[in-house]
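Colleague: What follows is structure_33.cif; its format and atoms are mmCIF, C-alpha atoms.
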data_model
loop_
_atom_site.label_atom_id
_atom_site.label_comp_id
_atom_site.auth_asym_id
_atom_site.auth_seq_id
_atom_site.Cartn_x
_atom_site.Cartn_y
_atom_site.Cartn_z
CA TRP A 1 -41.58 -137.29 47.48
CA LYS A 2 -38.02 -136.56 46.42
CA GLU A 3 -37.07 -136.01 42.80
CA LEU A 4 -34.49 -138.48 41.51
CA LYS A 5 -31.87 -137.77 38.88
CA SER A 6 -33.23 -139.58 35.87
CA PRO A 7 -30.76 -140.91 33.29
CA ASP A 8 -33.45 -140.20 30.68
CA ILE A 9 -34.54 -136.56 30.26
CA PHE A 10 -37.90 -137.74 28.93
CA VAL A 11 -38.70 -139.78 32.06
CA THR A 12 -39.44 -138.08 35.38
CA MET A 13 -38.54 -140.07 38.50
CA GLU A 14 -39.18 -139.57 42.19
CA SER A 15 -39.12 -141.63 45.37
CA THR A 16 -39.84 -141.70 49.06
CA HIS A 17 -37.86 -143.74 51.59
CA GLU A 18 -37.77 -144.14 55.37
CA GLU A 19 -34.15 -143.91 56.51
CA GLY A 20 -33.07 -147.08 58.29
CA GLY A 21 -36.29 -148.88 57.51
CA SER A 22 -36.65 -152.26 55.87
CA THR A 23 -38.40 -150.96 52.81
CA ALA A 24 -36.60 -150.07 49.63
CA GLY A 25 -39.07 -147.25 49.28
CA ILE A 26 -41.63 -146.24 46.71
CA GLY A 27 -40.55 -145.15 43.26
CA ARG A 28 -42.62 -143.44 40.61
CA ALA A 29 -41.77 -142.72 36.98
CA VAL A 30 -43.81 -141.09 34.22
CA THR A 31 -43.20 -140.67 30.50
CA ILE A 32 -44.90 -140.48 27.09
CA VAL A 33 -44.39 -143.47 24.79
CA ASP A 34 -44.82 -143.39 21.01
CA ALA A 35 -47.05 -146.46 20.96
CA SER A 36 -50.58 -147.63 21.74
CA ILE A 37 -51.56 -148.71 25.25
CA GLU A 38 -51.88 -152.27 23.93
CA ASP A 39 -48.33 -152.29 22.52
CA CYS A 40 -46.91 -150.79 25.72
CA ALA A 41 -48.63 -153.36 27.93
CA ALA A 42 -47.64 -156.27 25.68
CA TRP A 43 -43.98 -155.16 25.76
CA GLU A 44 -43.99 -154.92 29.55
CA LEU A 45 -45.71 -158.28 30.08
CA ALA A 46 -43.24 -160.13 27.81
CA ARG A 47 -40.76 -160.47 30.66
CA VAL A 48 -38.85 -163.60 29.63
CA THR A 49 -37.78 -162.77 26.09
CA ARG A 50 -34.10 -163.19 25.21
CA GLU A 51 -33.53 -159.44 25.35
CA ARG A 52 -35.19 -159.12 28.75
CA MET A 53 -33.29 -162.08 30.18
CA LYS A 54 -30.04 -160.49 29.00
CA ASP A 55 -30.92 -157.29 30.87
CA HIS A 56 -31.98 -159.31 33.90
CA TYR A 57 -28.57 -160.96 34.27
CA LYS A 58 -26.84 -157.65 33.52
CA TRP A 59 -28.52 -156.08 36.57
CA GLY A 60 -27.61 -158.92 38.95
CA GLY A 61 -30.48 -161.26 38.16
CA LEU A 62 -30.03 -164.92 39.05
CA GLY A 63 -33.14 -166.22 37.32
CA LYS A 64 -36.78 -165.57 36.55
CA SER A 65 -39.75 -167.39 35.08
CA LEU A 66 -43.33 -166.67 34.03
CA LEU A 67 -46.32 -169.01 34.29
CA LYS A 68 -49.57 -168.19 32.53
CA LEU A 69 -52.60 -168.52 34.80
CA ASN A 70 -55.36 -167.31 32.46
CA ASN A 71 -56.03 -164.63 29.84
CA HIS A 72 -55.73 -161.86 32.42
CA SER A 73 -53.07 -163.03 34.87
CA ASP A 74 -49.61 -164.60 35.19
CA LEU A 75 -47.35 -165.86 37.97
CA PHE A 76 -43.92 -164.23 37.96
CA TYR A 77 -40.79 -165.42 39.81
CA ASN A 78 -37.68 -163.26 40.06
CA VAL A 79 -34.32 -163.47 41.90
CA ILE A 80 -31.78 -160.64 42.18
CA ASP A 81 -28.34 -160.37 43.77
CA PHE A 82 -27.77 -156.71 44.72
CA GLY A 83 -24.01 -157.09 44.82
CA VAL A 84 -23.72 -156.24 48.52
CA LYS A 85 -21.76 -158.85 50.52
CA THR A 86 -23.93 -158.52 53.60
CA LEU A 87 -27.17 -159.04 51.64
CA ALA A 88 -28.34 -162.44 50.49
CA PRO A 89 -30.04 -162.55 47.09
CA ARG A 90 -33.71 -161.56 47.21
CA GLU A 91 -36.52 -163.45 45.51
CA TRP A 92 -40.07 -162.43 44.63
CA VAL A 93 -43.17 -164.35 43.63
CA SER A 94 -45.88 -162.13 42.19
CA LYS A 95 -49.28 -162.50 40.64
CA VAL A 96 -49.68 -160.22 37.64
CA VAL A 97 -53.19 -159.06 36.73
CA TRP A 98 -54.23 -156.70 33.94
CA LYS A 99 -57.52 -154.96 33.13
CA MET A 100 -58.94 -152.43 30.69
CA VAL A 101 -60.55 -149.74 32.85
CA ASP A 102 -62.10 -148.14 29.78
CA GLU A 103 -61.22 -147.93 26.08
CA ASP A 104 -58.45 -145.42 26.80
CA THR A 105 -57.01 -146.72 30.09
CA MET A 106 -55.36 -149.98 31.09
CA ILE A 107 -53.78 -151.01 34.38
CA VAL A 108 -51.39 -153.85 35.25
CA CYS A 109 -50.81 -154.80 38.90
CA PHE A 110 -48.15 -156.98 40.54
CA GLU A 111 -48.81 -158.29 44.06
CA ASP A 112 -47.10 -160.81 46.36
CA VAL A 113 -48.46 -164.34 46.38
CA ILE A 114 -47.59 -167.63 48.08
CA ASP A 115 -47.33 -170.53 45.64
CA ASP A 116 -46.04 -174.06 46.35
CA ARG A 117 -44.39 -174.17 42.94
CA PHE A 118 -41.87 -171.65 44.25
CA PRO A 119 -40.76 -172.69 47.76
CA VAL A 120 -39.26 -169.97 49.94
CA GLY A 121 -35.50 -169.70 49.50
CA ALA A 122 -35.46 -172.17 46.60
CA GLY A 123 -33.06 -174.27 48.69
CA LYS A 124 -30.32 -171.72 48.00
CA GLY A 125 -30.62 -169.36 50.95
CA TYR A 126 -32.54 -166.67 49.08
CA VAL A 127 -34.55 -164.23 51.19
CA ARG A 128 -38.20 -163.86 50.19
CA ALA A 129 -38.75 -160.14 49.67
CA SER A 130 -41.99 -158.30 49.09
CA SER A 131 -43.06 -155.86 46.41
CA GLY A 132 -45.98 -154.45 44.55
CA CYS A 133 -46.20 -152.32 41.46
CA LEU A 134 -48.74 -150.61 39.27
CA TRP A 135 -48.52 -149.76 35.58
CA LYS A 136 -51.09 -147.30 34.22
CA TYR A 137 -51.45 -146.72 30.48
CA GLU A 138 -53.48 -143.75 29.27
CA ARG A 139 -54.20 -143.19 25.59
CA LEU A 140 -53.38 -139.69 24.33
CA PRO A 141 -54.16 -137.93 21.03
CA GLU A 142 -51.97 -139.05 18.13
CA VAL A 143 -48.99 -136.96 17.06
CA ARG A 144 -48.33 -136.90 13.30
CA GLY A 145 -50.48 -140.02 12.97
CA LEU A 146 -48.50 -141.91 15.62
CA PRO A 147 -50.19 -143.31 18.77
CA GLN A 148 -49.21 -141.80 22.11
CA THR A 149 -49.51 -143.25 25.61
CA ARG A 150 -48.82 -141.70 29.00
CA VAL A 151 -47.25 -144.42 31.13
CA THR A 152 -47.04 -144.21 34.93
CA TYR A 153 -44.99 -146.81 36.80
CA ILE A 154 -45.20 -147.02 40.61
CA GLN A 155 -43.24 -149.59 42.60
CA GLN A 156 -42.91 -150.32 46.32
CA ALA A 157 -40.50 -152.94 47.62
CA ASN A 158 -39.57 -154.35 51.01
CA LEU A 159 -36.23 -156.15 50.89
CA LYS A 160 -36.73 -157.72 54.33
CA GLY A 161 -33.74 -156.33 56.16
CA LEU A 162 -32.08 -153.11 57.25
CA ILE A 163 -31.13 -151.63 53.90
CA PRO A 164 -28.91 -148.51 53.65
CA SER A 165 -30.76 -145.69 51.93
CA PHE A 166 -28.02 -145.28 49.30
CA VAL A 167 -28.53 -148.91 48.27
CA ALA A 168 -32.30 -148.56 48.27
CA ASN A 169 -32.26 -145.37 46.21
CA SER A 170 -29.82 -146.76 43.65
CA LYS A 171 -32.04 -149.79 43.16
CA ILE A 172 -35.12 -147.59 42.81
CA VAL A 173 -33.51 -145.69 39.95
CA GLY A 174 -32.40 -148.94 38.35
CA SER A 175 -35.91 -150.31 38.58
CA LEU A 176 -37.53 -147.18 37.21
CA GLU A 177 -35.12 -147.22 34.26
CA TYR A 178 -37.28 -150.08 33.04
CA LEU A 179 -39.76 -147.43 31.87
CA SER A 180 -36.98 -145.65 29.97
CA LYS A 181 -36.26 -148.88 28.09
CA MET A 182 -39.92 -149.05 27.07
CA ARG A 183 -39.85 -145.46 25.81
CA LYS A 184 -36.68 -146.03 23.80
CA ASN A 185 -38.01 -149.28 22.35
CA PHE A 186 -40.94 -147.41 20.74
CA ASP A 187 -39.22 -144.06 20.17
CA LYS A 188 -40.47 -142.38 16.97
CA SER A 189 -38.76 -139.02 17.47
CA LEU A 190 -37.16 -139.07 14.02
CA GLU A 191 -40.51 -139.64 12.29
CA ILE A 192 -42.24 -136.98 14.40
CA ASP A 193 -39.46 -134.43 13.83
CA ALA A 194 -39.43 -135.20 10.10
CA GLY A 195 -43.16 -134.53 9.97
CA CYS A 196 -42.70 -131.23 11.77
CA ARG A 197 -39.96 -130.15 9.34
CA ALA A 198 -42.10 -131.12 6.36
CA GLY A 199 -44.93 -129.02 7.73
CA LEU A 200 -42.61 -126.02 8.16
CA VAL A 201 -41.32 -126.43 4.61
CA GLU A 202 -44.86 -126.35 3.24
CA THR A 203 -45.67 -123.29 5.34
CA ILE A 204 -42.57 -121.47 4.04
CA LYS A 205 -43.44 -122.37 0.45
CA LEU A 206 -46.98 -121.07 0.81
CA LYS A 207 -45.70 -117.78 2.24
CA GLU A 208 -43.20 -117.42 -0.60
CA GLU A 209 -45.90 -118.04 -3.20
CA SER A 210 -48.27 -115.55 -1.61
CA GLY A 211 -45.54 -113.04 -0.86
#
Could you write out this structure as structure tokens?
Modeller:
Amino acid sequence: WKELKSPDIFVTMESTHEEGGSTAGIGRAVTIVDASIEDCAAWELARVTRERMKDHYKWGGLGKSLLKLNNHSDLFYNVIDFGVKTLAPREWVSKVVWKMVDEDTMIVCFEDVIDDRFPVGAGKGYVRASSGCLWKYERLPEVRGLPQTRVTYIQQANLKGLIPSFVANSKIVGSLEYLSKMRKNFDKSLEIDAGCRAGLVETIKLKEESG
């Protein structure tokens, strides 16, 4: 594993990649989110909101859709243009499944699937790529009355072609930044810091009164 330069100091990122291979490598990111495991998972699974679609197109997305299969799984379609002239846009069709392992742990898995509702290439020359990812949410003790969750995001992608490592690594970081967006969405640093300051003030007052 090689440490990646994370644009978010609160999110650690690392990857592994085979030079000259067809895979875009495996990326892993870990952070603590100021939210419950349920809120974190719900935010991640809501992939076609207006805000998320805006980000999708910003990062070269050409379209995506989500079909609900049942109460524990969805079908997710995604197309991305990497902005490299020699690379055709890549598309993915994934089945998304989530499960509570125990009362304090939840996992969400994405895996490739073949589905007639999404024909290969979509008639537009897209290349069907492959990927899989795992989200793990672990409940932690509250801080100043606020829920805390350790989130681990692991992704492996095969872009189906000889991909330069610099392209692969840049896309890994971009993908892992998704976890940073989750952290920032629920960030309660101001409330936590305010609570810490209030506690220090009370401690100082008590010392002054006893002193």
Colleague: Specify as a PyMOL selection string each residue included when the PyMOL selection byres ((chain A and resi 127-143) around 6) is applied to this file.
Modeller: chain A and resi 37+90-92+104-111+121+126+144-160
Colleague: Assuming the chain letters and numbering stay as they are in my file, what does the PyMOL selection byres ((chain A and resi 50-55) around 12) actually select? List them as a PyMOL selection string.
Modeller: chain A and resi 43-49+56-66+78-80+174-175+177-178+181-182+185
Colleague: Quick one: pull the distance between atom CA of A:Lys95 and atom CA of A:Asn70, Å, one decimal.
Modeller: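 Separating atom CA of A:Lys95 from atom CA of A:Asn70 is a distance of 11.3 Å.
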Colleague: Which of these residues is nearest to A:Ala29, using only C-alpha atoms: A:Lys85, A:Lys68, A:Arg183, A:Arg117?
Modeller: A:Arg183
Colleague: What does the structure give for the distance between atom CA of A:Leu179 and atom CA of A:Ser6, in Å to one decimal?
Modeller: 11.0 Å
